[in-house]
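Trainee: Quick one, structure11.pdb (PDB, C-alpha atoms):
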```
ATOM      1  CA  MET A1320      87.458  78.125 130.908
ATOM      2  CA  SER A1321      90.162  80.746 131.335
ATOM      3  CA  GLU A1322      93.168  80.673 129.000
ATOM      4  CA  SER A1323      95.338  81.637 131.965
ATOM      5  CA  ALA A1324      96.581  79.107 134.484
ATOM      6  CA  ILE A1325      96.535  81.866 137.100
ATOM      7  CA  SER A1326      94.808  85.242 136.820
ATOM      8  CA  ILE A1327      95.491  87.955 139.417
ATOM      9  CA  LYS A1328      93.722  91.310 139.308
ATOM     10  CA  GLY A1329      94.226  94.282 141.625
ATOM     11  CA  LEU A1330      95.616  92.125 144.441
ATOM     12  CA  LEU A1331      96.168  94.101 147.624
ATOM     13  CA  LYS A1332      97.383  92.630 150.914
ATOM     14  CA  ARG A1333      98.359  94.529 154.048
ATOM     15  CA  TYR A1334      99.716  93.397 157.386
ATOM     16  CA  GLY A1335      98.966  96.296 159.696
ATOM     17  CA  ALA A1336     100.800  99.318 158.332
ATOM     18  CA  VAL A1337     102.883  97.173 155.942
ATOM     19  CA  THR A1338     101.664  96.747 152.371
ATOM     20  CA  ALA A1339     102.904  93.338 151.238
ATOM     21  CA  LEU A1340     101.178  93.484 147.850
ATOM     22  CA  GLY A1341     100.244  96.855 146.414
ATOM     23  CA  GLY A1342      97.818  96.125 143.584
ATOM     24  CA  VAL A1343      99.299  93.206 141.631
ATOM     25  CA  ASP A1344      97.974  92.368 138.157
ATOM     26  CA  LEU A1345      99.406  89.185 136.667
ATOM     27  CA  GLU A1346      98.401  86.601 134.088
ATOM     28  CA  ILE A1347     100.327  83.311 133.929
ATOM     29  CA  PRO A1348      99.607  81.362 130.726
ATOM     30  CA  LYS A1349      98.663  77.701 130.784
ATOM     31  CA  GLY A1350     101.651  75.453 130.166
ATOM     32  CA  ALA A1351     104.218  78.156 130.925
ATOM     33  CA  PHE A1352     107.467  77.712 132.810
ATOM     34  CA  PHE A1353     107.145  80.945 134.739
ATOM     35  CA  GLY A1354     109.701  82.636 136.981
ATOM     36  CA  LEU A1355     108.497  84.752 139.904
ATOM     37  CA  LEU A1356     111.548  86.676 141.050
ATOM     38  CA  GLY A1357     112.289  89.417 143.545
ATOM     39  CA  PRO A1358     114.497  90.357 146.485
ATOM     40  CA  ASN A1359     113.665  89.329 150.050
ATOM     41  CA  GLY A1360     110.530  91.113 151.206
ATOM     42  CA  ALA A1361     109.284  91.764 147.670
ATOM     43  CA  GLY A1362     105.980  89.963 148.289
ATOM     44  CA  LYS A1363     106.628  86.623 146.571
ATOM     45  CA  SER A1364     105.657  84.417 149.529
ATOM     46  CA  THR A1365     102.551  86.506 150.219
ATOM     47  CA  LEU A1366     101.547  86.144 146.579
ATOM     48  CA  ILE A1367     102.058  82.364 146.659
ATOM     49  CA  ASN A1368     100.145  82.051 149.941
ATOM     50  CA  THR A1369      97.261  83.991 148.427
ATOM     51  CA  ILE A1370      97.205  81.803 145.318
ATOM     52  CA  ALA A1371      97.253  78.698 147.528
ATOM     53  CA  GLY A1372      94.432  79.986 149.726
ATOM     54  CA  LEU A1373      96.586  80.335 152.827
ATOM     55  CA  SER A1374      96.147  84.102 152.930
ATOM     56  CA  ARG A1375      93.031  86.114 152.065
ATOM     57  CA  PRO A1376      93.467  89.270 149.991
ATOM     58  CA  ASP A1377      92.269  92.611 151.281
ATOM     59  CA  GLN A1378      91.276  93.574 147.771
ATOM     60  CA  GLY A1379      91.355  92.061 144.289
ATOM     61  CA  THR A1380      90.771  88.584 142.869
ATOM     62  CA  VAL A1381      92.830  85.463 142.200
ATOM     63  CA  SER A1382      91.693  82.539 140.064
ATOM     64  CA  VAL A1383      93.411  79.221 139.385
ATOM     65  CA  MET A1384      92.453  77.471 136.137
ATOM     66  CA  GLY A1385      89.346  79.672 136.112
ATOM     67  CA  HIS A1386      88.377  78.888 139.722
ATOM     68  CA  ASP A1387      88.258  81.747 142.232
ATOM     69  CA  VAL A1388      90.505  80.877 145.184
ATOM     70  CA  ILE A1389      87.842  82.040 147.690
ATOM     71  CA  ASP A1390      84.453  81.342 146.084
ATOM     72  CA  ASP A1391      85.557  78.051 144.488
ATOM     73  CA  TYR A1392      88.468  77.184 146.740
ATOM     74  CA  GLN A1393      88.145  73.375 146.583
ATOM     75  CA  ALA A1394      88.450  73.257 142.788
ATOM     76  CA  ALA A1395      91.252  75.846 142.852
ATOM     77  CA  ARG A1396      93.295  73.858 145.356
ATOM     78  CA  ARG A1397      92.893  70.627 143.401
ATOM     79  CA  CYS A1398      94.666  72.332 140.503
ATOM     80  CA  LEU A1399      97.676  73.337 142.631
ATOM     81  CA  GLY A1400     100.706  71.574 144.016
ATOM     82  CA  VAL A1401     102.944  73.755 146.173
ATOM     83  CA  VAL A1402     106.487  72.901 147.276
ATOM     84  CA  PRO A1403     107.025  75.251 150.260
ATOM     85  CA  GLN A1404     110.301  76.894 151.124
ATOM     86  CA  GLU A1405     110.186  75.652 154.733
ATOM     87  CA  LEU A1406     110.746  71.989 155.638
ATOM     88  CA  VAL A1407     107.294  71.263 157.071
ATOM     89  CA  PHE A1408     106.588  67.597 157.845
ATOM     90  CA  ASP A1409     104.599  65.261 160.070
ATOM     91  CA  ALA A1410     107.021  63.440 162.368
ATOM     92  CA  PHE A1411     104.672  60.533 163.137
ATOM     93  CA  PHE A1412     104.436  58.850 159.723
ATOM     94  CA  THR A1413     106.657  57.073 157.244
ATOM     95  CA  VAL A1414     107.356  58.521 153.813
ATOM     96  CA  ARG A1415     104.883  56.221 152.070
ATOM     97  CA  GLU A1416     102.204  56.943 154.687
ATOM     98  CA  VAL A1417     102.682  60.694 154.261
ATOM     99  CA  LEU A1418     102.160  60.424 150.509
ATOM    100  CA  ARG A1419      99.098  58.192 150.854
ATOM    101  CA  ILE A1420      97.546  60.542 153.414
ATOM    102  CA  GLN A1421      98.246  63.523 151.147
ATOM    103  CA  SER A1422      96.644  61.640 148.277
ATOM    104  CA  GLY A1423      93.582  60.980 150.428
ATOM    105  CA  TYR A1424      93.105  64.698 151.054
ATOM    106  CA  PHE A1425      92.190  64.965 147.382
ATOM    107  CA  GLY A1426      89.827  61.997 147.447
ATOM    108  CA  LEU A1427      92.306  59.608 145.882
ATOM    109  CA  GLY A1428      92.629  56.055 147.169
ATOM    110  CA  ARG A1429      94.343  52.882 146.058
ATOM    111  CA  GLU A1430      93.972  53.837 142.411
ATOM    112  CA  ASN A1431      96.697  56.430 143.035
ATOM    113  CA  TYR A1432      99.181  54.069 144.713
ATOM    114  CA  ASP A1433     101.017  53.281 141.462
ATOM    115  CA  TRP A1434     101.686  57.003 140.940
ATOM    116  CA  ILE A1435     102.971  57.269 144.498
ATOM    117  CA  GLU A1436     105.388  54.415 143.838
ATOM    118  CA  GLN A1437     106.528  56.133 140.655
ATOM    119  CA  LEU A1438     107.217  59.343 142.586
ATOM    120  CA  LEU A1439     109.199  57.374 145.169
ATOM    121  CA  TYR A1440     111.251  55.897 142.330
ATOM    122  CA  GLU A1441     111.830  59.131 140.413
ATOM    123  CA  LEU A1442     112.853  61.042 143.534
ATOM    124  CA  ARG A1443     115.085  58.191 144.749
ATOM    125  CA  LEU A1444     112.990  57.649 147.857
ATOM    126  CA  GLN A1445     112.332  53.898 147.505
ATOM    127  CA  ASP A1446     114.880  52.981 150.164
ATOM    128  CA  LYS A1447     113.347  55.509 152.574
ATOM    129  CA  ALA A1448     109.688  54.651 151.932
ATOM    130  CA  GLU A1449     109.274  52.910 155.310
ATOM    131  CA  SER A1450     111.452  55.407 157.211
ATOM    132  CA  ASN A1451     109.901  57.824 159.660
ATOM    133  CA  MET A1452     109.989  61.420 158.446
ATOM    134  CA  ARG A1453     111.942  62.647 161.472
ATOM    135  CA  ALA A1454     114.763  60.226 160.597
ATOM    136  CA  LEU A1455     115.386  61.783 157.179
ATOM    137  CA  SER A1456     118.079  64.265 156.237
ATOM    138  CA  GLY A1457     117.108  67.754 155.090
ATOM    139  CA  GLY A1458     117.623  66.808 151.448
ATOM    140  CA  MET A1459     115.415  63.729 151.801
ATOM    141  CA  LYS A1460     112.693  65.779 153.492
ATOM    142  CA  ARG A1461     112.835  68.193 150.555
ATOM    143  CA  ARG A1462     112.257  65.297 148.164
ATOM    144  CA  VAL A1463     109.206  64.203 150.151
ATOM    145  CA  LEU A1464     107.779  67.734 149.977
ATOM    146  CA  ILE A1465     108.184  67.630 146.217
ATOM    147  CA  ALA A1466     106.414  64.254 146.063
ATOM    148  CA  GLN A1467     103.588  65.599 148.267
ATOM    149  CA  ALA A1468     103.055  68.515 145.902
ATOM    150  CA  LEU A1469     102.829  66.166 142.921
ATOM    151  CA  VAL A1470     100.846  63.318 144.480
ATOM    152  CA  HIS A1471      97.473  64.450 143.055
ATOM    153  CA  ARG A1472      98.940  65.307 139.621
ATOM    154  CA  PRO A1473      98.079  69.019 139.731
ATOM    155  CA  ASP A1474      97.812  71.168 136.605
ATOM    156  CA  ILE A1475     100.028  73.815 138.242
ATOM    157  CA  VAL A1476     103.165  73.213 140.306
ATOM    158  CA  ILE A1477     104.535  76.078 142.416
ATOM    159  CA  LEU A1478     108.130  75.706 143.574
ATOM    160  CA  ASP A1479     109.091  78.173 146.305
ATOM    161  CA  GLU A1480     112.896  78.172 146.564
ATOM    162  CA  PRO A1481     112.984  74.395 145.931
ATOM    163  CA  THR A1482     116.780  74.100 145.658
ATOM    164  CA  ALA A1483     117.707  76.288 148.631
ATOM    165  CA  GLY A1484     120.286  74.405 150.674
ATOM    166  CA  VAL A1485     120.064  71.149 148.725
ATOM    167  CA  ASP A1486     122.888  69.186 147.138
ATOM    168  CA  ILE A1487     123.567  68.734 143.436
ATOM    169  CA  GLU A1488     121.839  65.334 143.282
ATOM    170  CA  VAL A1489     118.535  66.668 144.609
ATOM    171  CA  ARG A1490     118.737  69.661 142.274
ATOM    172  CA  GLN A1491     119.297  67.458 139.236
ATOM    173  CA  LEU A1492     116.542  65.020 140.241
ATOM    174  CA  LEU A1493     114.112  67.870 140.747
ATOM    175  CA  TRP A1494     114.808  69.609 137.464
ATOM    176  CA  ALA A1495     114.698  66.366 135.479
ATOM    177  CA  LEU A1496     111.246  65.603 136.906
ATOM    178  CA  ILE A1497     109.939  69.165 136.553
ATOM    179  CA  ARG A1498     111.165  69.441 132.964
ATOM    180  CA  ARG A1499     109.299  66.232 132.163
ATOM    181  CA  LEU A1500     106.111  67.477 133.823
ATOM    182  CA  HIS A1501     106.390  70.762 131.934
ATOM    183  CA  GLY A1502     106.850  68.843 128.705
ATOM    184  CA  GLU A1503     103.602  67.013 129.481
ATOM    185  CA  GLY A1504     101.730  70.322 129.697
ATOM    186  CA  HIS A1505     101.896  71.239 133.376
ATOM    187  CA  THR A1506     102.291  74.897 134.313
ATOM    188  CA  ILE A1507     105.406  75.450 136.437
ATOM    189  CA  ILE A1508     105.919  78.523 138.641
ATOM    190  CA  LEU A1509     109.367  78.953 140.171
ATOM    191  CA  THR A1510     110.659  81.351 142.775
ATOM    192  CA  THR A1511     114.404  81.270 143.296
ATOM    193  CA  HIS A1512     117.324  83.448 144.303
ATOM    194  CA  TYR A1513     119.537  81.404 141.972
ATOM    195  CA  LEU A1514     118.943  83.539 138.903
ATOM    196  CA  GLU A1515     120.992  81.243 136.681
ATOM    197  CA  GLU A1516     118.285  78.611 137.296
ATOM    198  CA  ALA A1517     115.567  81.027 136.230
ATOM    199  CA  GLU A1518     117.540  82.066 133.162
ATOM    200  CA  THR A1519     118.056  78.427 132.157
ATOM    201  CA  LEU A1520     114.552  77.134 132.855
ATOM    202  CA  CYS A1521     111.942  79.884 132.617
ATOM    203  CA  GLU A1522     110.216  81.111 129.471
ATOM    204  CA  HIS A1523     108.360  84.036 131.081
ATOM    205  CA  ILE A1524     109.414  86.040 134.120
ATOM    206  CA  ALA A1525     107.787  88.509 136.496
ATOM    207  CA  ILE A1526     109.963  90.567 138.838
ATOM    208  CA  LEU A1527     108.388  91.841 142.051
ATOM    209  CA  ASN A1528     109.771  94.621 144.199
ATOM    210  CA  MET A1529     108.170  96.307 147.194
ATOM    211  CA  GLY A1530     104.878  94.520 146.575
ATOM    212  CA  ARG A1531     104.529  95.474 142.908
ATOM    213  CA  VAL A1532     105.287  93.895 139.555
ATOM    214  CA  VAL A1533     108.144  95.971 138.119
ATOM    215  CA  ALA A1534     108.742  93.797 135.050
ATOM    216  CA  LEU A1535     106.743  91.162 133.177
ATOM    217  CA  ASP A1536     108.161  89.785 129.967
ATOM    218  CA  SER A1537     109.565  86.788 128.177
ATOM    219  CA  LYS A1538     113.060  85.801 129.225
ATOM    220  CA  GLN A1539     114.478  87.078 125.954
ATOM    221  CA  GLY A1540     112.546  90.308 126.309
ATOM    222  CA  LEU A1541     114.064  90.908 129.740
ATOM    223  CA  LEU A1542     117.556  90.030 128.567
ATOM    224  CA  SER A1543     117.229  92.469 125.684
ATOM    225  CA  ARG A1544     116.770  95.240 128.269
ATOM    226  CA  GLY A1545     120.379  94.683 129.257
ATOM    227  CA  GLU A1546     121.727  95.491 125.818
ATOM    228  CA  ASP A1547     122.567  99.062 126.852
ATOM    229  CA  GLN A1548     124.251  97.975 130.086
ATOM    230  CA  VAL A1549     127.986  97.746 130.596
ATOM    231  CA  ARG A1550     129.568  94.666 129.135
ATOM    232  CA  SER A1551     133.191  93.620 129.018
ATOM    233  CA  ILE A1552     135.496  92.529 126.200
ATOM    234  CA  GLU A1553     138.572  90.538 127.126
ATOM    235  CA  PHE A1554     141.568  90.346 124.778
ATOM    236  CA  VAL A1555     144.168  87.621 125.271
ATOM    237  CA  VAL A1556     147.481  88.697 123.694
ATOM    238  CA  ASP A1557     150.705  86.973 122.717
ATOM    239  CA  ARG A1558     152.860  88.343 125.562
ATOM    240  CA  PRO A1559     152.633  89.389 129.222
ATOM    241  CA  VAL A1560     150.677  92.608 129.610
ATOM    242  CA  ASN A1561     153.472  94.237 131.638
ATOM    243  CA  GLU A1562     155.602  94.162 128.465
ATOM    244  CA  LEU A1563     153.074  96.286 126.572
ATOM    245  CA  PRO A1564     153.517 100.047 126.176
ATOM    246  CA  GLU A1565     151.695 102.211 128.702
ATOM    247  CA  THR A1566     149.708 103.777 125.836
ATOM    248  CA  ILE A1567     148.019 100.391 125.323
ATOM    249  CA  ARG A1568     147.633  99.428 128.971
ATOM    250  CA  SER A1569     145.932 102.727 129.813
ATOM    251  CA  HIS A1570     143.230 101.919 127.263
ATOM    252  CA  PHE A1571     141.875  99.080 129.443
ATOM    253  CA  VAL A1572     140.071  99.017 132.784
ATOM    254  CA  ARG A1573     141.821  95.831 133.938
ATOM    255  CA  THR A1574     144.968  94.027 132.884
ATOM    256  CA  GLY A1575     146.805  90.987 134.159
ATOM    257  CA  GLY A1576     148.817  88.082 132.822
ATOM    258  CA  GLN A1577     148.175  88.151 129.092
ATOM    259  CA  SER A1578     144.686  89.575 129.419
ATOM    260  CA  CYS A1579     143.334  93.078 128.764
ATOM    261  CA  ILE A1580     139.730  93.989 129.521
ATOM    262  CA  VAL A1581     137.743  96.949 128.233
ATOM    263  CA  GLU A1582     134.203  97.824 129.281
ATOM    264  CA  THR A1583     131.588  99.333 127.002
ATOM    265  CA  ARG A1584     127.888 100.156 126.987
ATOM    266  CA  GLY A1585     125.465  99.384 124.186
ATOM    267  CA  ASP A1586     127.055  98.519 120.835
ATOM    268  CA  CYS A1587     130.456  96.988 121.574
ATOM    269  CA  GLY A1588     131.676  97.334 117.978
ATOM    270  CA  PRO A1589     133.503 100.686 118.348
ATOM    271  CA  ALA A1590     135.360  99.582 121.504
ATOM    272  CA  LEU A1591     136.279  96.294 119.859
ATOM    273  CA  MET A1592     137.686  97.957 116.729
ATOM    274  CA  ALA A1593     139.556 100.670 118.689
ATOM    275  CA  SER A1594     141.254  98.031 120.837
ATOM    276  CA  LEU A1595     142.246  95.872 117.879
ATOM    277  CA  GLU A1596     143.662  98.912 116.061
ATOM    278  CA  ALA A1597     145.709  99.843 119.140
ATOM    279  CA  PHE A1598     147.175  96.340 119.347
ATOM    280  CA  GLN A1599     147.912  96.288 115.618
ATOM    281  CA  ALA A1600     149.658  99.666 115.741
ATOM    282  CA  HIS A1601     152.127  98.260 118.301
ATOM    283  CA  GLY A1602     152.620  94.882 116.661
ATOM    284  CA  VAL A1603     150.731  92.950 119.338
ATOM    285  CA  SER A1604     148.875  89.814 118.240
ATOM    286  CA  VAL A1605     145.497  88.996 119.784
ATOM    287  CA  THR A1606     145.066  85.235 120.258
ATOM    288  CA  GLU A1607     141.547  85.252 121.679
ATOM    289  CA  VAL A1608     138.616  87.626 122.209
ATOM    290  CA  ARG A1609     135.939  86.948 124.849
ATOM    291  CA  THR A1610     132.814  89.011 125.405
ATOM    292  CA  GLU A1611     130.675  88.992 128.539
ATOM    293  CA  ARG A1612     127.122  90.159 127.986
ATOM    294  CA  PRO A1613     124.682  91.215 130.720
ATOM    295  CA  ASP A1614     122.682  88.270 132.074
ATOM    296  CA  LEU A1615     119.405  88.001 133.966
ATOM    297  CA  GLU A1616     121.125  88.894 137.234
ATOM    298  CA  ASP A1617     122.343  92.188 135.745
ATOM    299  CA  VAL A1618     118.842  93.041 134.509
ATOM    300  CA  PHE A1619     117.308  92.001 137.841
ATOM    301  CA  MET A1620     119.669  94.207 139.841
ATOM    302  CA  ASP A1621     119.112  97.154 137.506
ATOM    303  CA  LEU A1622     115.300  96.899 137.767
ATOM    304  CA  THR A1623     115.134  96.377 141.526
ATOM    305  CA  ARG A1624     117.559  99.227 142.227
ATOM    306  CA  ALA A1625     115.577 101.556 139.985
ATOM    307  CA  THR A1626     112.285 100.741 141.736
ATOM    308  CA  SER A1627     113.512 100.717 145.347
ATOM    309  CA  SER A1628     113.932 104.474 145.744
TER     310      SER A1628
END
```
Show how you would write the structure in this file as structure tokens.

Mentor:
Amino acid sequence: MSESAISIKGLLKRYGAVTALGGVDLEIPKGAFFGLLGPNGAGKSTLINTIAGLSRPDQGTVSVMGHDVIDDYQAARRCLGVVPQELVFDAFFTVREVLRIQSGYFGLGRENYDWIEQLLYELRLQDKAESNMRALSGGMKRRVLIAQALVHRPDIVILDEPTAGVDIEVRQLLWALIRRLHGEGHTIILTTHYLEEAETLCEHIAILNMGRVVALDSKQGLLSRGEDQVRSIEFVVDRPVNELPETIRSHFVRTGGQSCIVETRGDCGPALMASLEAFQAHGVSVTEVRTERPDLEDVFMDLTRATSS
């Protein structure tokens, strides 16, 4: 059995003259919390659709838990649970009926009903279990989609923009459940435009741009790439900035109130010491120093800009 949850080799997908995926190679380890990031049109949805068997590749191979998604598609799909970005639902059934029908697609019967009830409880859907799907709010429909993806207890859960347009309660419920599933050994794959979510949750990250993988690394490895980017140091002083001599104020890129901000690239030590010496020379006391380091969004923007030309 493969040591990778998902193995992608030489994946090529075209739509007419448009190349959606231009030869993607990607290995996602078992048990990982993996971020799949990229701007709109980068190829993320095409990649997910190919993994899920909804789109056939023009070239290359994709396997899920060692099962080829074309030659052994039934086994591959049993290993996957996908939460789609779109709110797709059957308007003719209640919430509980939808989950039982979904369970039946995987050959599961009454023996799975307890798990369905647990999902209803954990996603706060008990009160809506007998409600028709068309009567639910958008946030409630999103919860049902999450329950559908988990109803057969898949090894791998793919979340395609799961928190887009949802309220704080749904977001917290989702992440509490997904963190627990990850802790139990499930592989989680997340696509999101909320990069703070990816930075908080993901251990490994791939960044796609223009149909290609432009970065593949651990979260810390990606963040370390931002060490030579511009970062800011904010000094809070003991008096209004407009009372400081111009020789000090001109040293900073932004000033206001009792705050002076300098920007630096790479090692911030020299800029920090030069600023402190300037304050000391004019008898100005610094009451607080704050540094702002590049985050995942900074690294993401730098990589996608560099590979878009």

Trainee: When the PyMOL selection byres ((chain A and resi 1483) around 9) is applied to the structure above, which residues does it catch, written out as a list in words?

Mentor: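 That selection, the PyMOL selection byres ((chain A and resi 1483) around 9), comes back as Gln1404, Glu1480, Pro1481, Thr1482, Gly1484, Val1485, Asp1486, Thr1511, His1512 and Tyr1513 of chain A.
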
Trainee: Could the residues in this selection be written to a file with C-alpha atoms, as a compact mmCIF listing (two decimals), keeping the file's coordinate frame?

Mentor:
```
# COMPACT_ATOMS: atom_id res chain seq x y z
CA GLN A 1404 110.30 76.89 151.12
CA GLU A 1480 112.90 78.17 146.56
CA PRO A 1481 112.98 74.40 145.93
CA THR A 1482 116.78 74.10 145.66
CA GLY A 1484 120.29 74.40 150.67
CA VAL A 1485 120.06 71.15 148.72
CA ASP A 1486 122.89 69.19 147.14
CA THR A 1511 114.40 81.27 143.30
CA HIS A 1512 117.32 83.45 144.30
CA TYR A 1513 119.54 81.40 141.97
```

Trainee: Would you list the contacts of Leu1444 of chain A as a ChimeraX atom specification, taking every protein, DNA or RNA residue within 12 Å and counting only C-alpha atoms, but skipping same-chain residues closer than 5 positions in sequence?

Mentor: /A:1413-1415,1418,1435-1439,1449-1450,1452,1455-1456,1458-1466,1489,1492

Trainee: Using Å and a single decimal, report how far atom CA of Ser1537 of chain A sits from atom CA of Ser1551 of chain A.

Mentor: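 Going from atom CA of Ser1551 of chain A over to atom CA of Ser1537 of chain A, I get 24.6 Å.
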
Trainee: When you draw a straight line from atom CA of Tyr1334 of chain A to atom CA of Leu1355 of chain A, how long is it in Å?

Mentor: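 Going from atom CA of Tyr1334 of chain A over to atom CA of Leu1355 of chain A covers 21.4 Å.
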
Trainee: Between atom CA of Arg1612 of chain A and atom CA of Val1581 of chain A, what is the distance, to one decimal in Å?

Mentor: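 So the two atoms, atom CA of Arg1612 of chain A and atom CA of Val1581 of chain A, lie 12.6 Å apart.
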
Trainee: Within 12 Å of segment 1496-1501 of chain A, counting all atoms listed in the file, which residues show up once you throw out same-chain ones fewer than 6 positions away? Write them as a ChimeraX atom specification, please.

Mentor: /A:1349-1353,1402,1437-1443,1462,1465-1466,1468-1469,1472-1478,1481,1489-1490,1507-1509,1519-1522

Trainee: Applying the PyMOL selection byres ((chain A and resi 1570) around 10) to the file I just gave you, which residues come out? Please list them as a CSV table (one decimal) with C-alpha atoms, in the coordinates of the input.

Mentor:
```csv
chain,number,residue,atom,x,y,z
A,1565,GLU,CA,151.7,102.2,128.7
A,1566,THR,CA,149.7,103.8,125.8
A,1567,ILE,CA,148.0,100.4,125.3
A,1568,ARG,CA,147.6,99.4,129.0
A,1569,SER,CA,145.9,102.7,129.8
A,1571,PHE,CA,141.9,99.1,129.4
A,1572,VAL,CA,140.1,99.0,132.8
A,1573,ARG,CA,141.8,95.8,133.9
A,1574,THR,CA,145.0,94.0,132.9
A,1579,CYS,CA,143.3,93.1,128.8
A,1580,ILE,CA,139.7,94.0,129.5
A,1581,VAL,CA,137.7,96.9,128.2
A,1593,ALA,CA,139.6,100.7,118.7
A,1594,SER,CA,141.3,98.0,120.8
A,1597,ALA,CA,145.7,99.8,119.1
```

Trainee: With a distance cut-off of 10 Å and only C-alpha atoms, select the neighbouring residues of Val1383 of chain A, excluding the residue or stretch itself and same-chain residues fewer than 4 positions from it, and output the selection as an NGL selection string.

Mentor: :A and (1321 or 1323-1327 or 1347 or 1370-1371 or 1387-1388 or 1391-1392 or 1394-1399 or 1474-1475)

Trainee: Can I get the selected residues back with C-alpha atoms, as a compact mmCIF listing (two decimals), in the frame of the given file?

Mentor:
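out26.txt, freshly written:
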```
# COMPACT_ATOMS: atom_id res chain seq x y z
CA SER A 1321 90.16 80.75 131.34
CA SER A 1323 95.34 81.64 131.96
CA ALA A 1324 96.58 79.11 134.48
CA ILE A 1325 96.54 81.87 137.10
CA SER A 1326 94.81 85.24 136.82
CA ILE A 1327 95.49 87.96 139.42
CA ILE A 1347 100.33 83.31 133.93
CA ILE A 1370 97.20 81.80 145.32
CA ALA A 1371 97.25 78.70 147.53
CA ASP A 1387 88.26 81.75 142.23
CA VAL A 1388 90.50 80.88 145.18
CA ASP A 1391 85.56 78.05 144.49
CA TYR A 1392 88.47 77.18 146.74
CA ALA A 1394 88.45 73.26 142.79
CA ALA A 1395 91.25 75.85 142.85
CA ARG A 1396 93.30 73.86 145.36
CA ARG A 1397 92.89 70.63 143.40
CA CYS A 1398 94.67 72.33 140.50
CA LEU A 1399 97.68 73.34 142.63
CA ASP A 1474 97.81 71.17 136.60
CA ILE A 1475 100.03 73.82 138.24
```

Trainee: Pick the closest to Arg1558 of chain A from A:Ala1339, A:Ala1625, A:Leu1527, A:Val1603: which is it, counting only C-alpha atoms?

Mentor: A:Val1603

Trainee: Can you tell me, as number ranges by chain, what residues are no more than 8 Å from Ile1552 of chain A when counting all atoms listed in the file, ignoring any on the same chain fewer than 5 positions away?

Mentor: A: 1580-1583, 1591, 1608-1611

Trainee: Let me know the residues the PyMOL selection byres ((chain A and resi 1419) around 10) catches in the file above, as a list in words.

Mentor: Thr1413, Val1414, Arg1415, Glu1416, Val1417, Leu1418, Ile1420, Gln1421, Ser1422, Gly1423, Tyr1424, Leu1427, Gly1428, Arg1429, Asn1431, Tyr1432, Ile1435, Gln1467 and Val1470 of chain A

Trainee: Restricting the calculation to all atoms listed in the file, which member of A:Gly1576, A:Pro1376, A:Gly1357, A:Gly1362 is positioned closest to Glu1616 of chain A?

Mentor: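 The answer is A:Gly1357, which sits nearest to Glu1616 of chain A.
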
Trainee: Could you check which of A:Glu1607, A:Asp1390, A:Asp1479, A:Glu1516 is closest to Ser1578 of chain A, using all atoms listed in the file?

Mentor: A:Glu1607

Trainee: Please rebuild segment 1486-1497 of chain A with N, CA and C atoms and give the result as a short mmCIF file (atom, residue, chain, number, x, y, z; two decimals), in the coordinates of the input.

Mentor:
```
data_model
loop_
_atom_site.label_atom_id
_atom_site.label_comp_id
_atom_site.auth_asym_id
_atom_site.auth_seq_id
_atom_site.Cartn_x
_atom_site.Cartn_y
_atom_site.Cartn_z
N ASP A 1486 121.68 69.56 147.85
CA ASP A 1486 122.89 69.19 147.14
C ASP A 1486 122.61 69.05 145.64
N ILE A 1487 123.66 68.79 144.90
CA ILE A 1487 123.57 68.73 143.44
C ILE A 1487 122.64 67.62 142.99
N GLU A 1488 122.67 66.47 143.68
CA GLU A 1488 121.84 65.33 143.28
C GLU A 1488 120.36 65.68 143.36
N VAL A 1489 119.94 66.29 144.47
CA VAL A 1489 118.54 66.67 144.61
C VAL A 1489 118.15 67.68 143.54
N ARG A 1490 119.02 68.65 143.29
CA ARG A 1490 118.74 69.66 142.27
C ARG A 1490 118.54 69.02 140.90
N GLN A 1491 119.41 68.10 140.54
CA GLN A 1491 119.30 67.46 139.24
C GLN A 1491 118.05 66.58 139.14
N LEU A 1492 117.75 65.84 140.23
CA LEU A 1492 116.54 65.02 140.24
C LEU A 1492 115.30 65.88 140.07
N LEU A 1493 115.26 66.98 140.81
CA LEU A 1493 114.11 67.87 140.75
C LEU A 1493 113.92 68.42 139.35
N TRP A 1494 114.98 68.97 138.76
CA TRP A 1494 114.81 69.61 137.46
C TRP A 1494 114.50 68.61 136.36
N ALA A 1495 115.04 67.39 136.47
CA ALA A 1495 114.70 66.37 135.48
C ALA A 1495 113.20 66.05 135.54
N LEU A 1496 112.67 65.90 136.75
CA LEU A 1496 111.25 65.60 136.91
C LEU A 1496 110.38 66.78 136.48
N ILE A 1497 110.75 67.99 136.88
CA ILE A 1497 109.94 69.17 136.55
C ILE A 1497 109.96 69.43 135.05
#
```
